[in-house]
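Colleague: Before I ask anything, here is the structure I am working with.
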Number of protein chains: 2
Amino acid sequence: MTGPEPKKRANLRDVAKAAGVSVATVSRVLNAPGTVKLETREKVQAAISELRFVPSAAARAINSGRTRFVGALVPTLDNAIFARFLAALERTLGEHKLSLVVATTHDDPGIEAAKAQNLVDIGAEGLIVSGITHAPDLDALIERCQLPAIATSFYAPDYGLPTIGYDNAAAARLALQHLTGLGHRRIAVVHGPRANNDRTRARLEGVLGAGDGVSVQCHEAVISISGGCDAARVILAADARVSAVMCLSDVLATGVLFELQRQGIRVPDEMSLMGLDDLPGSAHTAPGLTTVHLPVSRMGEAAAHAIAGWVEQRRVPRPYLLEPELVLRASTIRCDASDSGAKK
Amino acid sequence: MTGPEPKKRANLRDVAKAAGVSVATVSRVLNAPGTVKLETREKVQAAISELRFVPSAAARAINSGRTRFVGALVPTLDNAIFARFLAALERTLGEHKLSLVVATTHDDPGIEAAKAQNLVDIGAEGLIVSGITHAPDLDALIERCQLPAIATSFYAPDYGLPTIGYDNAAAARLALQHLTGLGHRRIAVVHGPRANNDRTRARLEGVLGAGDGVSVQCHEAVISISGGCDAARVILAADARVSAVMCLSDVLATGVLFELQRQGIRVPDEMSLMGLDDLPGSAHTAPGLTTVHLPVSRMGEAAAHAIAGWVEQRRVPRPYLLEPELVLRASTIRCDASDSGAKK
DNA sequence: AGAGTTGATGAAACTAGTTACATATGTCAA
DNA sequence: TTGACATATGTAACTAGTTTCATCAACTCT
């Protein structure tokens, strides 16, 4: 007991010395216990416990070249659609013994690139990004590091990265066609911020092209319940002849629904309402929200398998298209053409 | 050009050789460029670009002893309350140049312990867990690794780990007292699964102790909108004299509200409804949901600062109590004592 | 009995960085 | 002219593991 209290964490050499064996043997006890004689193994185990030895993840990683985690960059966690995506992603990555590091970008390409650099700096083996609009820095980073990276929530087979997602324009078109098919001719569209958000822009394209005798007025809102409420007030004040509100996100639709309820406007009798996303709660609002289902859970699973295959077997995934699906519930109703949009 | 295509990622030695300098100089160019002569620095930069050199995170980590990320174990991502917590956590960890690895436990202590081991294996420098009920394996892991770990969503100053959270029992009591203060005497309580969930159990304790002339009937439900809907149906079928429903989670309250709306029962006139959590959407339902605000964003910030201080300056945080707060909105109303619970 | 095989272990060379220390040059003042 | 000091760079020793190859003993086979 002459030396000063070392206090430092024990390493392999310390354990080897304490157990009276070589470092190789200690390493074997950790990684291939079957190849070590029982007696020796027990000596080593005792030393490990005695010294409270915990192997260093970094030292392992330096040898294997594997860190066993990937990074995901999402705009926000505050929208259930991303939470569901991440839940599926995390669960499925777990099947491949991979962990998930989450970073939020707030739809800012600069933040996205900076956080991506961060993820690389801490050793992410792959990246999952949202959409296909990114800062040049991010593209350069991926190129320079030869980093497996997948773009999600967007299908674009010719994009530089493999995409796993849906055709946002088609999803919006599906919603719009449902409304026009019901005879609606004056439709208010509520969408999230267009800035730096190619998903929203693509959805708007899907909406804008489809009109023939259909009047569409767009309202941009912050994607939140309260953003939907605000938009509803603007719509009601702007044009009394609107017979349907189409929201390019279920969160917005939920907000619109709440505001319409508060103002005593009955859905769907006085106003039809559509969403796009299909959140778990949307089936249970009163009335149930007609919407377009985006298979984000399957997207999370697909993205997880794809990135896992890429980082583990250098299998570059192919672009993968997921089909949106119209979900008919009770918030939309046929609009009498002669009475288009008039409140009864 | 006689050698076979190496294809391996370049390392520091390769760069040093290509630039005709020593490895130390290359390292300096990366970490302290000011100490290297401009001319030399440019030679090195050129070699770095040429060889597409990207420094290895693992090799850096082995020297610094820092991996710059912490792990968070949450029950699920499907409840907005955890999403908000994680959003604040991630944002605030970013201020400390720390990243966040997320793992979900589904309230299973076994999964929690396994995922915690995973997080340690990949090098997490600290852990954020939910609640104070954990598998012995997890306690052992934290003890053995001397791992900074903080328990959240629960305040228990005497617990083995520092806790940052609220008094769940007090929060529930706050809600109950609001209802009894309004004269409600027959109250249905809807709560999430008790199994492995000390937050729920604590909230139930807060509810159960407070009754004097108050009849409380508890209903367990899966925490989801549809779980709330189901519970509402059970309550309505079971006892027509119930005048108020108190949900120990806003998600459940939202489901109950939707089901009551669907059944044409007016809130609050025919039934008072309370939540507990205060989700962003709860302010905007029709009617607005009276609830108890849990400061989860502040909890996320506090947890981030605490774990950052611990891993970076070995400053063990003190337990920190956050105060829940009653939020009066429009879903509760005075109950006429003589007419307790009767539908008008 | 000698050769071949298997099992258990150790020495040392890897992985890819950082960094303490040594050295070489250049500038300035005494 | 020499000592003092700063600047720039290199050598080699670290960090903490894994892995290859060699060694040696014990056992089997001919």
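Identifiers in the structure tokens: chain A, B, ... in order shown; residue index from 1 per chain; ligand index from 1 in order shown.
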What are the residues of chain D lining chain A at 9 Å or less? Count only C-alpha atoms (C1' of nucleotides), and put the answer as an MDAnalysis selection string.
Modeller: chainID D and resid 15:19
Colleague: For C-alpha atoms (C1' of nucleotides), I'd like the residues from the last selection saved as a CSV table (one decimal), in the first residue's frame.
Modeller:
chain,number,residue,atom,x,y,z
D,15,DT,C1',-4.2,5.5,-25.4
D,16,DA,C1',-6.8,0.2,-25.0
D,17,DG,C1',-8.0,-3.1,-27.2
D,18,DT,C1',-7.7,-7.4,-31.1
D,19,DT,C1',-5.2,-10.7,-33.6
Colleague: Lay chain B over chain A using all C-alpha atoms, matched one to one in order, with a least-squares fit; then write it out as a compact mmCIF listing (two decimals) with C-alpha atoms, in the first residue's frame.
Modeller:
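Output file selection14.txt is given in full below:
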# COMPACT_ATOMS: atom_id res chain seq x y z
CA MET B 1 0.63 0.07 -0.19
CA THR B 2 3.28 2.59 -1.09
CA GLY B 3 1.93 3.79 -4.44
CA PRO B 4 -0.49 6.67 -4.52
CA GLU B 5 -4.12 5.77 -5.13
CA PRO B 6 -4.19 5.35 -8.92
CA LYS B 7 -7.98 5.88 -9.32
CA LYS B 8 -7.71 5.31 -13.07
CA ARG B 9 -10.01 2.88 -14.76
CA ALA B 10 -8.44 -0.55 -15.11
CA ASN B 11 -7.50 -1.74 -18.57
CA LEU B 12 -6.73 -5.08 -20.14
CA ARG B 13 -3.06 -4.99 -19.07
CA ASP B 14 -4.02 -4.35 -15.46
CA VAL B 15 -6.38 -7.30 -15.50
CA ALA B 16 -3.79 -9.52 -17.15
CA LYS B 17 -1.21 -8.63 -14.55
CA ALA B 18 -3.62 -9.15 -11.67
CA ALA B 19 -4.69 -12.52 -13.01
CA GLY B 20 -1.16 -13.55 -13.87
CA VAL B 21 -1.97 -14.17 -17.53
CA SER B 22 -1.34 -12.41 -20.82
CA VAL B 23 -3.52 -9.74 -22.36
CA ALA B 24 -4.48 -12.16 -25.12
CA THR B 25 -5.98 -14.52 -22.59
CA VAL B 26 -8.02 -11.77 -21.00
CA SER B 27 -9.23 -10.73 -24.42
CA ARG B 28 -10.21 -14.32 -25.08
CA VAL B 29 -12.14 -14.56 -21.85
CA LEU B 30 -14.14 -11.60 -23.09
CA ASN B 31 -14.67 -12.65 -26.68
CA ALA B 32 -14.26 -16.40 -26.90
CA PRO B 33 -14.56 -17.82 -23.38
CA GLY B 34 -14.81 -21.35 -24.73
CA THR B 35 -11.18 -21.33 -25.80
CA VAL B 36 -9.88 -20.62 -22.30
CA LYS B 37 -9.45 -23.32 -19.67
CA LEU B 38 -12.08 -23.08 -16.95
CA GLU B 39 -9.53 -22.56 -14.20
CA THR B 40 -7.80 -19.72 -16.06
CA ARG B 41 -11.10 -18.18 -17.01
CA GLU B 42 -12.17 -18.04 -13.39
CA LYS B 43 -8.92 -16.39 -12.36
CA VAL B 44 -9.45 -13.77 -15.04
CA GLN B 45 -13.10 -13.24 -14.16
CA ALA B 46 -12.08 -12.71 -10.57
CA ALA B 47 -9.53 -10.10 -11.59
CA ILE B 48 -12.12 -8.40 -13.79
CA SER B 49 -14.56 -8.15 -10.91
CA GLU B 50 -11.84 -7.15 -8.49
CA LEU B 51 -10.60 -4.30 -10.64
CA ARG B 52 -14.09 -3.39 -11.86
CA PHE B 53 -12.83 -3.66 -15.37
CA VAL B 54 -15.12 -2.44 -18.16
CA PRO B 55 -13.78 -2.77 -21.70
CA SER B 56 -13.45 0.46 -23.62
CA ALA B 57 -15.90 0.84 -26.47
CA ALA B 58 -13.51 3.10 -28.34
CA ALA B 59 -10.66 0.62 -28.23
CA ARG B 60 -12.93 -2.10 -29.53
CA ALA B 61 -14.23 0.17 -32.25
CA ILE B 62 -10.74 1.02 -33.41
CA ASN B 63 -10.05 -2.63 -34.11
CA SER B 64 -13.36 -3.70 -35.53
CA GLY B 65 -13.88 -0.50 -37.45
CA ARG B 66 -17.45 -0.67 -36.18
CA THR B 67 -19.18 1.70 -33.80
CA ARG B 68 -22.57 0.04 -34.14
CA PHE B 69 -24.65 3.16 -34.38
CA VAL B 70 -26.17 5.26 -37.12
CA GLY B 71 -27.51 8.79 -37.05
CA ALA B 72 -30.91 10.05 -38.08
CA LEU B 73 -31.59 13.66 -38.95
CA VAL B 74 -35.24 14.63 -38.67
CA PRO B 75 -36.85 18.07 -38.81
CA THR B 76 -38.44 17.78 -35.39
CA LEU B 77 -39.61 15.38 -32.72
CA ASP B 78 -42.70 17.44 -32.02
CA ASN B 79 -44.68 15.94 -34.87
CA ALA B 80 -45.95 12.43 -34.17
CA ILE B 81 -45.20 11.44 -37.75
CA PHE B 82 -41.46 11.63 -37.11
CA ALA B 83 -41.79 10.07 -33.71
CA ARG B 84 -43.49 7.07 -35.32
CA PHE B 85 -40.85 6.89 -37.99
CA LEU B 86 -38.08 6.98 -35.43
CA ALA B 87 -39.82 4.41 -33.26
CA ALA B 88 -39.89 1.95 -36.16
CA LEU B 89 -36.36 2.87 -37.13
CA GLU B 90 -35.00 2.33 -33.64
CA ARG B 91 -36.84 -0.93 -33.19
CA THR B 92 -35.66 -2.34 -36.50
CA LEU B 93 -32.08 -1.14 -36.12
CA GLY B 94 -32.10 -3.02 -32.83
CA GLU B 95 -32.70 -6.24 -34.76
CA HIS B 96 -29.40 -5.53 -36.49
CA LYS B 97 -27.68 -4.68 -33.21
CA LEU B 98 -27.42 -1.07 -34.23
CA SER B 99 -28.26 1.93 -32.10
CA LEU B 100 -29.83 5.18 -33.18
CA VAL B 101 -28.52 8.68 -32.59
CA VAL B 102 -31.16 11.31 -33.15
CA ALA B 103 -30.54 14.87 -34.24
CA THR B 104 -33.15 17.47 -35.11
CA THR B 105 -32.68 19.98 -37.89
CA HIS B 106 -35.72 22.29 -37.64
CA ASP B 107 -35.73 22.19 -41.44
CA ASP B 108 -32.56 24.25 -41.53
CA PRO B 109 -30.02 22.83 -44.01
CA GLY B 110 -27.20 24.57 -42.17
CA ILE B 111 -28.11 22.97 -38.86
CA GLU B 112 -28.60 19.70 -40.66
CA ALA B 113 -25.12 19.80 -42.17
CA ALA B 114 -23.56 20.80 -38.85
CA LYS B 115 -25.32 18.03 -36.96
CA ALA B 116 -24.39 15.53 -39.64
CA GLN B 117 -20.75 16.51 -39.19
CA ASN B 118 -21.24 15.99 -35.47
CA LEU B 119 -22.63 12.53 -36.06
CA VAL B 120 -19.66 11.64 -38.22
CA ASP B 121 -17.30 13.07 -35.61
CA ILE B 122 -18.69 10.78 -32.95
CA GLY B 123 -18.47 7.82 -35.31
CA ALA B 124 -21.86 7.26 -36.93
CA GLU B 125 -21.57 4.46 -39.47
CA GLY B 126 -24.46 5.69 -41.56
CA LEU B 127 -26.96 8.49 -41.90
CA ILE B 128 -30.70 8.71 -42.40
CA VAL B 129 -31.86 12.09 -43.63
CA SER B 130 -35.28 13.52 -44.44
CA GLY B 131 -36.01 14.72 -47.94
CA ILE B 132 -33.61 15.43 -50.76
CA THR B 133 -32.87 19.11 -50.26
CA HIS B 134 -29.64 19.57 -48.36
CA ALA B 135 -26.75 21.94 -47.92
CA PRO B 136 -23.75 21.31 -50.20
CA ASP B 137 -21.75 20.72 -47.01
CA LEU B 138 -23.83 17.66 -46.26
CA ASP B 139 -23.39 16.22 -49.74
CA ALA B 140 -19.66 16.89 -49.50
CA LEU B 141 -19.49 15.20 -46.11
CA ILE B 142 -21.25 12.09 -47.34
CA GLU B 143 -19.05 11.99 -50.44
CA ARG B 144 -15.82 12.58 -48.56
CA CYS B 145 -16.50 10.01 -45.87
CA GLN B 146 -18.00 7.51 -48.31
CA LEU B 147 -20.74 7.40 -45.75
CA PRO B 148 -23.77 5.16 -46.24
CA ALA B 149 -26.69 7.58 -46.31
CA ILE B 150 -30.34 7.20 -47.13
CA ALA B 151 -32.93 9.89 -47.82
CA THR B 152 -36.42 9.22 -46.53
CA SER B 153 -39.94 10.64 -46.73
CA PHE B 154 -39.33 11.21 -50.39
CA TYR B 155 -39.12 8.95 -53.41
CA ALA B 156 -36.73 10.11 -56.10
CA PRO B 157 -35.07 7.18 -57.90
CA ASP B 158 -32.54 9.41 -59.66
CA TYR B 159 -31.36 11.26 -56.60
CA GLY B 160 -27.72 10.86 -55.56
CA LEU B 161 -28.65 8.94 -52.44
CA PRO B 162 -30.98 5.96 -52.32
CA THR B 163 -34.42 7.21 -51.34
CA ILE B 164 -36.96 5.32 -49.30
CA GLY B 165 -40.27 7.07 -49.23
CA TYR B 166 -43.44 7.98 -51.00
CA ASP B 167 -44.45 10.24 -53.83
CA ASN B 168 -45.56 13.29 -51.88
CA ALA B 169 -47.20 14.88 -54.89
CA ALA B 170 -49.19 11.73 -55.55
CA ALA B 171 -50.27 11.53 -51.92
CA ALA B 172 -51.59 15.09 -52.06
CA ARG B 173 -53.26 14.40 -55.40
CA LEU B 174 -54.97 11.38 -53.89
CA ALA B 175 -56.45 13.60 -51.21
CA LEU B 176 -57.46 16.31 -53.64
CA GLN B 177 -59.07 13.85 -56.03
CA HIS B 178 -61.10 12.45 -53.20
CA LEU B 179 -62.46 15.90 -52.49
CA THR B 180 -63.08 16.85 -56.11
CA GLY B 181 -64.65 13.44 -56.63
CA LEU B 182 -67.10 14.37 -53.91
CA GLY B 183 -67.95 17.49 -55.87
CA HIS B 184 -65.97 20.06 -53.93
CA ARG B 185 -64.94 22.97 -56.12
CA ARG B 186 -63.72 25.57 -53.64
CA ILE B 187 -61.07 24.02 -51.49
CA ALA B 188 -58.82 25.61 -48.93
CA VAL B 189 -55.41 23.99 -48.60
CA VAL B 190 -53.43 24.32 -45.40
CA HIS B 191 -49.78 23.40 -45.57
CA GLY B 192 -46.61 23.69 -43.52
CA PRO B 193 -43.76 26.07 -44.29
CA ARG B 194 -42.43 25.65 -47.81
CA ALA B 195 -39.00 27.01 -46.94
CA ASN B 196 -36.39 24.24 -47.02
CA ASN B 197 -39.07 21.60 -47.08
CA ASP B 198 -39.24 19.64 -50.29
CA ARG B 199 -41.91 17.30 -48.94
CA THR B 200 -44.28 20.20 -48.47
CA ARG B 201 -43.38 21.67 -51.83
CA ALA B 202 -43.95 18.37 -53.58
CA ARG B 203 -47.31 18.00 -51.91
CA LEU B 204 -48.25 21.48 -53.05
CA GLU B 205 -47.30 20.59 -56.60
CA GLY B 206 -49.62 17.63 -56.37
CA VAL B 207 -52.39 19.96 -55.31
CA LEU B 208 -51.82 22.76 -57.76
CA GLY B 209 -51.70 20.81 -60.99
CA ALA B 210 -54.99 19.05 -60.53
CA GLY B 211 -57.48 21.86 -60.75
CA ASP B 212 -59.97 22.08 -63.62
CA GLY B 213 -62.87 24.14 -62.53
CA VAL B 214 -61.53 23.69 -59.04
CA SER B 215 -60.50 26.73 -57.02
CA VAL B 216 -57.73 26.07 -54.55
CA GLN B 217 -56.49 28.64 -52.07
CA CYS B 218 -53.38 27.88 -50.08
CA HIS B 219 -52.64 28.89 -46.53
CA GLU B 220 -49.24 28.38 -44.96
CA ALA B 221 -49.20 27.54 -41.27
CA VAL B 222 -46.76 26.36 -38.65
CA ILE B 223 -47.18 22.60 -38.34
CA SER B 224 -48.89 22.32 -34.98
CA ILE B 225 -52.38 22.06 -33.60
CA SER B 226 -52.41 25.77 -32.95
CA GLY B 227 -51.11 26.48 -36.45
CA GLY B 228 -54.13 24.57 -37.76
CA CYS B 229 -56.45 26.58 -35.51
CA ASP B 230 -55.03 29.83 -36.82
CA ALA B 231 -55.38 28.70 -40.42
CA ALA B 232 -58.99 27.70 -39.85
CA ARG B 233 -59.79 31.17 -38.58
CA VAL B 234 -58.16 32.75 -41.62
CA ILE B 235 -60.05 30.47 -43.99
CA LEU B 236 -63.39 31.13 -42.38
CA ALA B 237 -62.82 34.87 -42.51
CA ALA B 238 -61.58 34.84 -46.10
CA ASP B 239 -64.14 32.95 -48.15
CA ALA B 240 -67.49 31.69 -46.95
CA ARG B 241 -67.91 29.57 -50.06
CA VAL B 242 -65.17 27.12 -49.23
CA SER B 243 -66.73 23.69 -48.81
CA ALA B 244 -63.67 21.68 -47.91
CA VAL B 245 -60.39 22.16 -46.13
CA MET B 246 -57.52 19.97 -47.15
CA CYS B 247 -54.53 19.88 -44.83
CA LEU B 248 -51.22 18.55 -46.03
CA SER B 249 -50.55 17.20 -42.57
CA ASP B 250 -52.82 15.51 -40.03
CA VAL B 251 -51.55 17.72 -37.25
CA LEU B 252 -52.83 20.75 -39.12
CA ALA B 253 -56.11 18.98 -39.88
CA THR B 254 -56.57 18.23 -36.19
CA GLY B 255 -56.07 21.89 -35.38
CA VAL B 256 -58.53 22.92 -38.07
CA LEU B 257 -61.06 20.41 -36.74
CA PHE B 258 -60.72 21.75 -33.21
CA GLU B 259 -61.22 25.32 -34.38
CA LEU B 260 -64.24 24.39 -36.50
CA GLN B 261 -65.72 22.59 -33.51
CA ARG B 262 -65.10 25.62 -31.35
CA GLN B 263 -66.85 27.83 -33.86
CA GLY B 264 -69.77 25.46 -34.04
CA ILE B 265 -69.21 24.51 -37.66
CA ARG B 266 -70.18 20.89 -38.13
CA VAL B 267 -67.78 18.54 -39.86
CA PRO B 268 -68.50 17.16 -42.40
CA ASP B 269 -72.03 18.59 -42.85
CA GLU B 270 -70.98 22.19 -43.11
CA MET B 271 -67.34 21.65 -43.98
CA SER B 272 -65.44 18.67 -45.27
CA LEU B 273 -61.97 18.16 -43.84
CA MET B 274 -59.08 16.08 -45.07
CA GLY B 275 -55.70 15.32 -43.61
CA LEU B 276 -52.54 13.73 -44.91
CA ASP B 277 -50.29 11.48 -42.80
CA ASP B 278 -52.73 9.35 -40.84
CA LEU B 279 -51.65 9.71 -37.25
CA PRO B 280 -52.79 7.15 -34.68
CA GLY B 281 -55.21 9.68 -33.19
CA SER B 282 -56.80 10.60 -36.50
CA ALA B 283 -58.98 7.52 -36.51
CA HIS B 284 -60.58 8.58 -33.26
CA THR B 285 -61.37 12.25 -33.61
CA ALA B 286 -65.06 13.11 -33.79
CA PRO B 287 -65.67 12.74 -36.64
CA GLY B 288 -62.89 10.40 -37.70
CA LEU B 289 -60.50 12.17 -40.04
CA THR B 290 -60.44 11.17 -43.67
CA THR B 291 -56.81 11.22 -44.66
CA VAL B 292 -54.09 9.69 -46.77
CA HIS B 293 -52.07 7.10 -44.93
CA LEU B 294 -48.31 7.44 -45.23
CA PRO B 295 -46.63 4.20 -44.20
CA VAL B 296 -44.01 5.80 -41.98
CA SER B 297 -43.58 2.75 -39.79
CA ARG B 298 -42.83 0.61 -42.79
CA MET B 299 -40.59 3.39 -44.02
CA GLY B 300 -38.67 3.25 -40.75
CA GLU B 301 -38.32 -0.51 -41.01
CA ALA B 302 -37.21 -0.32 -44.62
CA ALA B 303 -34.70 2.42 -43.87
CA ALA B 304 -33.29 0.42 -40.96
CA HIS B 305 -32.86 -2.72 -43.02
CA ALA B 306 -31.38 -0.75 -45.89
CA ILE B 307 -28.81 1.13 -43.84
CA ALA B 308 -27.94 -2.02 -41.88
CA GLY B 309 -27.33 -3.95 -45.08
CA TRP B 310 -25.21 -1.12 -46.36
CA VAL B 311 -22.96 -0.73 -43.33
CA GLU B 312 -22.65 -4.45 -42.64
CA GLN B 313 -22.47 -6.01 -46.07
CA ARG B 314 -21.72 -2.98 -48.26
CA ARG B 315 -25.00 -3.65 -50.02
CA VAL B 316 -26.11 -0.35 -51.49
CA PRO B 317 -29.90 -0.26 -51.25
CA ARG B 318 -32.15 0.50 -54.19
CA PRO B 319 -34.66 3.31 -54.04
CA TYR B 320 -37.88 2.05 -52.55
CA LEU B 321 -41.32 3.47 -53.18
CA LEU B 322 -44.01 3.17 -50.55
CA GLU B 323 -47.59 3.68 -51.61
CA PRO B 324 -49.77 6.21 -49.84
CA GLU B 325 -53.33 5.07 -49.32
CA LEU B 326 -56.60 6.91 -49.04
CA VAL B 327 -58.28 6.30 -45.69
CA LEU B 328 -61.97 7.07 -45.79
CA ARG B 329 -63.42 8.12 -42.49
CA ALA B 330 -66.17 10.50 -41.53
CA SER B 331 -64.82 14.02 -42.04
CA THR B 332 -65.64 14.36 -45.72
CA ILE B 333 -69.01 14.31 -47.45
CA ARG B 334 -70.40 14.88 -50.93
CA CYS B 335 -70.78 18.49 -51.85
CA ASP B 336 -73.91 19.48 -53.73
CA ALA B 337 -72.50 21.14 -56.85
CA SER B 338 -75.27 23.71 -57.13
CA ASP B 339 -74.75 24.70 -53.55
CA SER B 340 -70.96 24.57 -53.70
CA GLY B 341 -69.58 25.68 -50.40
CA ALA B 342 -72.60 27.54 -49.16
CA LYS B 343 -73.32 26.91 -45.51
CA LYS B 344 -76.70 25.33 -45.21
Colleague: Can you list, as a list in words, all residues belonging to stretch 15-174 of chain A that DSSP tags as strand (DSSP E)?
Modeller: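 In stretch 15-174 of chain A, DSSP puts these residues in strand (DSSP E): Phe69, Val70, Gly71, Ala72, Leu73, Val74, Ser99, Leu100, Val101, Val102, Ala103, Thr104, Leu127, Ile128, Val129, Ser130, Ala149, Ile150, Ala151, Thr152, Thr163, Ile164 and Gly165 of chain A.
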Colleague: Among stretch 153-197 of chain A, which residues does DSSP mark as alpha helix (DSSP H) when it is run on the backbone? Keep the chain and numbering as in the structure and answer as a list in words.
Modeller: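 Filtering stretch 153-197 of chain A down to alpha helix (DSSP H) leaves Asn168, Ala169, Ala170, Ala171, Ala172, Arg173, Leu174, Ala175, Leu176, Gln177, His178, Leu179, Thr180 and Gly181 of chain A.
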Colleague: Would you list which chain C residues are within 9 Å of chain B using only C-alpha atoms (C1' of nucleotides), as a count of residues only?
Modeller: 5
Colleague: Atom C1' of D:DA22 to atom C1' of C:DA1: how many Å, to one decimal?
Modeller: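 A separation of 25.8 Å between them.
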Colleague: Set the distance at 12 Å and use only C-alpha atoms (C1' of nucleotides): which residues neighbour D:DT1 once local chain neighbours fewer than 2 positions away are removed? I'd like the list as an mmCIF file with N, CA and C atoms (P, O5', C5', C4', C3', O3' and C1' of nucleotides), in the first residue's frame.
Modeller:
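Just written: around32.cif:
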data_model
loop_
_atom_site.group_PDB
_atom_site.id
_atom_site.type_symbol
_atom_site.label_atom_id
_atom_site.label_comp_id
_atom_site.auth_asym_id
_atom_site.auth_seq_id
_atom_site.Cartn_x
_atom_site.Cartn_y
_atom_site.Cartn_z
ATOM 1 P P DA C 29 16.064 43.525 -29.791
ATOM 2 O "O5'" DA C 29 16.946 43.135 -28.524
ATOM 3 C "C5'" DA C 29 16.368 42.350 -27.470
ATOM 4 C "C4'" DA C 29 17.455 41.921 -26.494
ATOM 5 C "C3'" DA C 29 18.384 43.046 -26.024
ATOM 6 O "O3'" DA C 29 18.612 42.896 -24.622
ATOM 7 C "C1'" DA C 29 19.674 41.333 -27.037
ATOM 8 P P DA C 30 19.306 44.043 -23.803
ATOM 9 O "O5'" DA C 30 20.661 43.343 -23.346
ATOM 10 C "C5'" DA C 30 20.599 42.139 -22.573
ATOM 11 C "C4'" DA C 30 21.996 41.520 -22.511
ATOM 12 C "C3'" DA C 30 23.092 42.463 -22.011
ATOM 13 O "O3'" DA C 30 23.950 41.767 -21.125
ATOM 14 C "C1'" DA C 30 23.672 41.628 -24.138
ATOM 15 P P DG D 3 27.211 30.462 -24.582
ATOM 16 O "O5'" DG D 3 25.953 30.851 -23.685
ATOM 17 C "C5'" DG D 3 25.983 32.046 -22.910
ATOM 18 C "C4'" DG D 3 24.605 32.675 -22.899
ATOM 19 C "C3'" DG D 3 23.457 31.701 -22.632
ATOM 20 O "O3'" DG D 3 22.651 32.236 -21.584
ATOM 21 C "C1'" DG D 3 23.002 32.972 -24.586
#
Colleague: Quick one: residues within 12 Å of C:DT23, only C-alpha atoms (C1' of nucleotides), excluding same-chain residues fewer than 5 positions away - as a PDB file with C-alpha atoms (C1' of nucleotides), in the first residue's frame?
Modeller:
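Written file, part.pdb:
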ATOM      1  C1'  DA D   8       8.403  24.625 -36.333  1.00  0.00           C
ATOM      2  C1'  DT D   9       8.919  19.928 -36.769  1.00  0.00           C
ATOM      3  C1'  DG D  10      10.123  15.016 -35.840  1.00  0.00           C
ATOM      4  C1'  DT D  11      10.660  10.708 -32.842  1.00  0.00           C
TER       5       DT D  11
END
Colleague: Could you give me, as a list in words, the residues within 10 Å of C:DA20, counting only C-alpha atoms (C1' of nucleotides) and dropping anything in the same chain fewer than 5 positions from it?
Modeller: DA12, DA13 and DC14 of chain D
